[in-house]
>>> print(open('coords.tsv').read())   # TSV, C-alpha atoms and all ligand atoms
chain	number	residue	atom	x	y	z
A	1209	MET	CA	-153.38	-3.24	-17.85
A	1210	LYS	CA	-154.55	-4.51	-21.18
A	1211	ILE	CA	-156.53	-1.71	-22.80
A	1212	LEU	CA	-158.65	-2.09	-25.90
A	1213	LEU	CA	-158.61	1.31	-27.62
A	1214	SER	CA	-161.19	1.94	-30.29
A	1215	GLY	CA	-162.70	4.60	-32.50
A	1216	THR	CA	-166.45	4.68	-33.03
A	1217	ALA	CA	-168.52	3.47	-35.98
A	1218	SER	CA	-168.91	6.71	-37.94
A	1219	ASP	CA	-165.62	8.37	-36.98
A	1220	SER	CA	-162.75	8.30	-39.47
A	1221	HIS	CA	-160.36	10.52	-37.43
A	1222	THR	CA	-157.14	8.70	-36.55
A	1223	TRP	CA	-154.70	11.06	-34.78
A	1224	ASN	CA	-156.80	11.01	-31.62
A	1225	LEU	CA	-156.29	7.24	-31.57
A	1226	VAL	CA	-152.57	7.46	-32.35
A	1227	TYR	CA	-152.14	10.03	-29.57
A	1228	LEU	CA	-154.09	7.97	-27.02
A	1229	ALA	CA	-152.24	4.76	-27.90
A	1230	LEU	CA	-148.88	6.48	-27.31
A	1231	PHE	CA	-150.18	8.22	-24.16
A	1232	LEU	CA	-151.37	4.92	-22.66
A	1233	GLU	CA	-148.31	2.91	-23.75
A	1234	GLU	CA	-145.99	5.53	-22.22
A	1235	ARG	CA	-147.79	4.89	-18.94
A	1236	GLY	CA	-147.01	1.17	-19.15
A	1237	HIS	CA	-150.29	-0.16	-20.50
A	1238	ASP	CA	-150.59	-2.90	-23.11
A	1239	VAL	CA	-152.73	-1.30	-25.86
A	1240	VAL	CA	-154.74	-3.21	-28.45
A	1241	ALA	CA	-155.68	-0.51	-30.97
A	1242	LEU	CA	-158.62	-1.30	-33.23
A	1243	GLY	CA	-158.40	1.94	-35.23
A	1244	PRO	CA	-161.26	4.12	-36.55
A	1245	CYS	CA	-164.78	3.20	-37.78
A	1246	VAL	CA	-165.33	0.29	-35.41
A	1247	SER	CA	-168.90	-1.00	-35.41
A	1248	PRO	CA	-170.52	-2.24	-32.17
A	1249	ARG	CA	-170.36	-5.79	-33.54
A	1250	LEU	CA	-166.63	-5.53	-34.30
A	1251	LEU	CA	-166.04	-4.06	-30.84
A	1252	THR	CA	-167.83	-6.88	-29.03
A	1253	ASP	CA	-166.05	-9.51	-31.14
A	1254	ALA	CA	-162.67	-7.87	-30.38
A	1255	CYS	CA	-163.42	-7.78	-26.65
A	1256	ARG	CA	-164.15	-11.49	-26.68
A	1257	GLN	CA	-160.97	-12.16	-28.66
A	1258	HIS	CA	-158.55	-9.93	-26.67
A	1259	VAL	CA	-160.15	-10.06	-23.19
A	1260	PRO	CA	-159.06	-6.51	-22.16
A	1261	ASP	CA	-159.17	-5.13	-18.60
A	1262	VAL	CA	-160.66	-1.84	-19.85
A	1263	VAL	CA	-162.17	-0.46	-23.07
A	1264	VAL	CA	-161.34	3.14	-24.04
A	1265	LEU	CA	-163.53	4.65	-26.77
A	1266	SER	CA	-162.47	7.84	-28.54
A	1267	SER	CA	-164.48	10.01	-30.90
A	1268	VAL	CA	-164.02	13.56	-32.19
A	1269	ASN	CA	-166.29	13.87	-35.26
A	1270	GLY	CA	-169.35	15.06	-33.32
A	1271	HIS	CA	-171.28	11.78	-33.45
A	1272	GLY	CA	-169.45	10.14	-30.58
A	1273	TYR	CA	-172.40	10.42	-28.24
A	1274	ARG	CA	-174.70	8.39	-30.50
A	1275	ASP	CA	-171.98	6.01	-31.63
A	1276	ALA	CA	-170.74	5.33	-28.10
A	1277	LEU	CA	-174.29	4.74	-26.90
A	1278	ALA	CA	-174.72	2.00	-29.52
A	1279	SER	CA	-171.31	0.51	-28.69
A	1280	VAL	CA	-171.78	0.38	-24.94
A	1281	ARG	CA	-175.30	-1.01	-25.29
A	1282	ALA	CA	-173.92	-3.79	-27.50
A	1283	LEU	CA	-171.23	-4.58	-24.90
A	1284	ARG	CA	-173.70	-4.57	-22.00
A	1285	ALA	CA	-176.04	-6.89	-23.93
A	1286	GLU	CA	-173.37	-9.64	-23.83
A	1287	PRO	CA	-173.33	-11.36	-20.41
A	1288	GLU	CA	-169.53	-11.91	-20.41
A	1289	LEU	CA	-168.90	-8.25	-21.32
A	1290	ALA	CA	-171.58	-6.69	-19.12
A	1291	ALA	CA	-169.12	-5.70	-16.36
A	1292	LEU	CA	-166.14	-4.74	-18.54
A	1293	PRO	CA	-165.06	-1.17	-17.56
A	1294	VAL	CA	-165.64	1.34	-20.38
A	1295	ALA	CA	-164.38	4.93	-20.64
A	1296	VAL	CA	-165.42	7.17	-23.51
A	1297	GLY	CA	-164.06	10.58	-24.38
A	1298	GLY	CA	-163.09	13.18	-26.98
A	1299	LYS	CA	-165.30	15.71	-28.73
A	1300	LEU	CA	-168.48	13.71	-28.25
A	1301	GLY	CA	-171.03	16.28	-29.45
A	1302	ILE	CA	-171.37	18.41	-32.58
A	1303	ALA	CA	-170.38	21.45	-30.51
A	1304	GLY	CA	-167.38	19.71	-28.94
A	1305	ARG	CA	-168.28	18.38	-25.51
A	1306	SER	CA	-171.48	16.38	-24.99
A	1307	GLY	CA	-174.17	17.97	-22.84
A	1308	GLU	CA	-175.27	16.90	-19.37
A	1309	ALA	CA	-178.26	14.93	-20.68
A	1310	GLU	CA	-176.08	13.03	-23.18
A	1311	THR	CA	-173.49	12.30	-20.50
A	1312	ALA	CA	-176.23	10.98	-18.20
A	1313	ARG	CA	-177.60	8.70	-20.95
A	1314	LEU	CA	-174.15	7.32	-21.67
A	1315	ARG	CA	-173.70	6.56	-17.98
A	1316	GLU	CA	-177.15	4.96	-17.74
A	1317	ALA	CA	-176.28	2.77	-20.74
A	1318	GLY	CA	-173.18	1.52	-18.92
A	1319	CYS	CA	-170.27	3.90	-19.61
A	1320	ASP	CA	-168.21	4.00	-16.42
A	1321	ALA	CA	-166.47	7.28	-17.36
A	1322	VAL	CA	-167.63	9.96	-19.81
A	1323	LEU	CA	-164.77	12.36	-20.50
A	1324	ALA	CA	-164.06	15.23	-22.90
A	1325	ASP	CA	-160.99	16.44	-24.78
A	1326	GLY	CA	-158.88	18.46	-22.36
A	1327	ALA	CA	-155.67	17.78	-20.49
A	1328	ASP	CA	-157.74	17.38	-17.32
A	1329	ASP	CA	-159.76	14.66	-19.07
A	1330	LEU	CA	-156.57	12.73	-19.87
A	1331	GLU	CA	-155.65	13.01	-16.19
A	1332	ALA	CA	-159.13	11.78	-15.27
A	1333	LEU	CA	-158.61	8.82	-17.61
A	1334	CYS	CA	-155.35	8.01	-15.79
A	1335	SER	CA	-157.16	8.13	-12.43
A	1336	PHE	CA	-159.94	5.91	-13.80
A	1337	LEU	CA	-157.34	3.36	-15.00
A	1338	ALA	CA	-155.38	3.52	-11.74
A	1339	ALA	CA	-158.56	2.72	-9.77
A	1340	ARG	CA	-159.28	-0.21	-12.12
A	1341	ALA	CA	-155.65	-1.43	-11.90
A	1342	ARG	CA	-156.02	-1.82	-8.13
A	1343	VAL	CA	-159.12	-3.96	-8.71
A	1344	VAL	CA	-157.38	-6.11	-11.38
A	1345	VAL	CA	-154.30	-6.72	-9.16
B	1401	LIG	C1	-157.47	16.45	-39.17
B	1401	LIG	C2	-158.98	16.59	-39.06
B	1401	LIG	C3	-159.74	15.85	-39.97
B	1401	LIG	C4	-159.15	14.90	-40.99
B	1401	LIG	C5	-158.85	13.56	-40.27
B	1401	LIG	C6	-157.64	12.86	-40.86
B	1401	LIG	C7	-157.22	11.69	-40.02
B	1401	LIG	N1	-156.56	10.77	-40.65
B	1401	LIG	O1	-157.48	11.60	-38.82
B	1401	LIG	C8	-160.32	14.79	-42.03
B	1401	LIG	C9	-160.15	15.87	-43.08
B	1401	LIG	C10	-160.48	13.44	-42.72
B	1401	LIG	C11	-161.51	15.16	-41.15
B	1401	LIG	C12	-162.81	14.80	-41.45
B	1401	LIG	C13	-163.91	15.25	-40.73
B	1401	LIG	N2	-163.91	16.11	-39.68
B	1401	LIG	CO1	-162.30	16.65	-38.77
B	1401	LIG	N3	-160.88	17.55	-37.95
B	1401	LIG	C14	-159.59	17.44	-38.08
B	1401	LIG	C15	-158.90	18.44	-37.13
B	1401	LIG	C16	-158.45	19.64	-37.97
B	1401	LIG	C17	-157.70	17.90	-36.36
B	1401	LIG	C18	-157.98	16.56	-35.64
B	1401	LIG	C19	-156.66	15.98	-35.15
B	1401	LIG	O2	-156.05	15.15	-35.82
B	1401	LIG	N4	-156.22	16.42	-33.94
B	1401	LIG	C20	-155.02	15.89	-33.30
B	1401	LIG	C21	-155.43	14.89	-32.19
B	1401	LIG	C22	-154.18	14.40	-31.47
B	1401	LIG	O3	-156.22	15.63	-31.25
B	1401	LIG	P1	-157.78	15.27	-31.01
B	1401	LIG	O4	-158.34	14.57	-32.16
B	1401	LIG	O5	-158.49	16.49	-30.51
B	1401	LIG	O6	-157.68	14.26	-29.77
B	1401	LIG	C23	-157.33	14.78	-28.49
B	1401	LIG	C24	-158.54	15.06	-27.61
B	1401	LIG	O7	-159.75	15.13	-28.35
B	1401	LIG	C25	-158.52	13.98	-26.59
B	1401	LIG	N5	-159.33	12.79	-26.79
B	1401	LIG	C26	-159.74	12.21	-27.93
B	1401	LIG	N6	-160.36	11.05	-27.65
B	1401	LIG	C27	-160.35	10.88	-26.31
B	1401	LIG	C28	-160.83	9.84	-25.50
B	1401	LIG	C29	-160.64	9.92	-24.11
B	1401	LIG	C30	-161.15	8.81	-23.24
B	1401	LIG	C31	-159.99	11.06	-23.54
B	1401	LIG	C32	-159.81	11.16	-22.09
B	1401	LIG	C33	-159.51	12.09	-24.37
B	1401	LIG	C34	-159.68	11.99	-25.73
B	1401	LIG	O8	-157.20	13.50	-26.52
B	1401	LIG	C35	-156.50	13.77	-27.75
B	1401	LIG	C36	-155.15	14.34	-27.38
B	1401	LIG	O9	-155.30	15.54	-26.67
B	1401	LIG	C37	-160.06	18.80	-36.15
B	1401	LIG	C38	-160.03	20.24	-35.60
B	1401	LIG	C39	-159.08	20.35	-34.44
B	1401	LIG	N7	-158.23	21.31	-34.51
B	1401	LIG	O10	-159.15	19.52	-33.51
B	1401	LIG	C40	-161.30	18.56	-37.02
B	1401	LIG	C41	-162.60	18.14	-36.36
B	1401	LIG	C42	-162.33	17.06	-35.31
B	1401	LIG	N8	-163.34	17.57	-37.47
B	1401	LIG	C43	-164.61	17.83	-37.42
B	1401	LIG	C44	-165.57	17.38	-38.37
B	1401	LIG	C45	-166.98	17.88	-38.20
B	1401	LIG	C46	-165.20	16.52	-39.41
B	1401	LIG	C47	-166.12	15.96	-40.50
B	1401	LIG	C48	-167.50	15.48	-40.01
B	1401	LIG	C49	-166.23	17.06	-41.58
B	1401	LIG	C50	-167.20	16.74	-42.71
B	1401	LIG	N9	-168.30	17.48	-42.74
B	1401	LIG	O11	-166.93	15.85	-43.49
B	1401	LIG	C51	-165.28	14.80	-41.05
B	1401	LIG	C52	-165.54	13.50	-40.27
B	1401	LIG	C53	-165.68	12.33	-41.13
B	1401	LIG	C54	-165.93	11.09	-40.30
B	1401	LIG	N10	-166.60	10.14	-40.90
B	1401	LIG	O12	-165.55	10.99	-39.16
B	1401	LIG	C55	-164.97	18.69	-36.22
B	1401	LIG	C56	-165.70	17.94	-35.12
B	1401	LIG	C57	-166.73	18.85	-34.45
B	1401	LIG	C58	-167.04	18.48	-33.04
B	1401	LIG	N11	-166.92	17.26	-32.57
B	1401	LIG	O13	-167.44	19.35	-32.33
B	1401	LIG	C59	-163.57	19.28	-35.82
B	1401	LIG	C60	-163.39	19.56	-34.33
B	1401	LIG	C61	-163.38	20.59	-36.66
B	1401	LIG	C62	-164.33	21.68	-36.20
B	1401	LIG	N12	-163.87	22.60	-35.36
B	1401	LIG	O14	-165.45	21.73	-36.58
B	1401	LIG	N13	-161.12	15.86	-40.07
>>> encode(input="coords.tsv", output="structure tokens")
Amino acid sequence: MKILLSGTASDSHTWNLVYLALFLEERGHDVVALGPCVSPRLLTDACRQHVPDVVVLSSVNGHGYRDALASVRALRAEPELAALPVAVGGKLGIAGRSGEAETARLREAGCDAVLADGADDLEALCSFLAARARVVV
């Protein structure tokens, strides 16, 4: 699958993105990596340009919940991107994982998968992608 991998607007961390790019490429995916500090506008423009099968957002600085909310709302506001599968994960809250209310809001806004930062979350991402791959094929 073609995966657009992106950091979020306020997040300057990069090794999470390097790790995820390698992790996804080792599983045979074609990764377009946008890097850190990607604004919602840049993300929507890149999705139009690269036409990915799935968007994976990663954030670890503690502002991922708010940033991802803005990003997914921007994607869902564009008719041609409204159905594009989006998974977000990492350390989304200031105390690591995001809370249940934050997770629910992200889902309501259009995130198809809201994951955290553990090995089980990477496995969950693989399952999410495998389910999408069957749809794409
Ligand atoms: C190195 C580092 C920095 C470096 C980053 C350098 C760089 N080029 O990336 C510097 C010094 C710049 C930095 C800055 C800051 N940092 Co910092 N940083 C770290 C540190 C020590 C290591 C991060 C790292 O590289 N890990 C290696 C990668 C491979 O692991 P990872 O990032 O955890 O990613 C894994 C998982 O999170 C997961 N994952 C990530 N994304 C996704 C997405 C999906 C879909 C899935 C499934 C999984 C997943 O998979 C990855 C592999 O396992 C961590 C503490 C720690 N030990 O984690 C703090 C940490 C991430 N930083 C933190 C903070 C608060 C900051 C600052 C805000 C500090 C400040 N007050 O200025 C700033 C952020 C500035 C900004 N605008 O973003 C906090 C975040 C708190 C939180 N979320 O709960 C942490 C956790 C430290 C702490 N314990 O408080 N940081």
>>> residues_near_point(input="coords.tsv", point="(-153.9, -2.7, -24.0)", cutoff="8 Å", atoms="all atoms listed in the file", output="list in words")
Met1209, Lys1210, Ile1211, Leu1212, Leu1213, Glu1233, His1237, Asp1238, Val1239, Val1240, Ala1241, Pro1260, Asp1261 and Val1262 of chain A
>>> closest_residue(input="coords.tsv", among="A:Ala1282, A:Ala1338, A:Leu1230, A:Ala1312", to="Arg1249 (chain A)", atoms="only C-alpha atoms")
A:Ala1282
>>> residues_near_ligand(input="coords.tsv", ligand="ligand LIG 1401 (chain B)", cutoff="9 Å", atoms="only C-alpha atoms and all ligand atoms", output="number ranges by chain")
A: 1215-1228, 1231, 1244-1245, 1264-1272, 1295-1306, 1321-1334
>>> atom_distance(input="coords.tsv", atom1="CA of Pro1293 (chain A)", atom2="CA of Val1263 (chain A)")
6.3 Å
>>> atom_distance(input="coords.tsv", atom1="CA of Ala1317 (chain A)", atom2="CA of Arg1281 (chain A)")
6.0 Å
>>> atom_distance(input="coords.tsv", atom1="CA of Arg1340 (chain A)", atom2="CA of Ser1279 (chain A)")
20.5 Å
>>> closest_residue(input="coords.tsv", among="A:His1258, A:Arg1313, A:Arg1235, A:Arg1342", to="Ala1276 (chain A)", atoms="all atoms listed in the file")
A:Arg1313
>>> closest_residue(input="coords.tsv", among="A:Ala1309, A:Asp1320, A:Pro1248, A:Ala1254", to="Ala1285 (chain A)", atoms="only C-alpha atoms")
A:Pro1248
>>> decode(input="coords.tsv", residues="region 1220-1233 of chain A", atoms="C-alpha atoms", output="CSV table (one decimal), in the first residue's frame")
chain,number,residue,atom,x,y,z
A,1220,SER,CA,9.5,18.5,16.1
A,1221,HIS,CA,10.4,14.9,17.1
A,1222,THR,CA,11.8,12.9,14.2
A,1223,TRP,CA,13.0,9.4,15.4
A,1224,ASN,CA,9.4,8.2,15.8
A,1225,LEU,CA,8.9,9.0,12.1
A,1226,VAL,CA,12.2,7.4,11.1
A,1227,TYR,CA,11.3,4.3,13.0
A,1228,LEU,CA,7.8,4.1,11.6
A,1229,ALA,CA,9.0,4.6,8.0
A,1230,LEU,CA,11.5,1.7,8.4
A,1231,PHE,CA,8.8,-0.4,10.2
A,1232,LEU,CA,6.3,0.1,7.4
A,1233,GLU,CA,8.8,-0.3,4.5
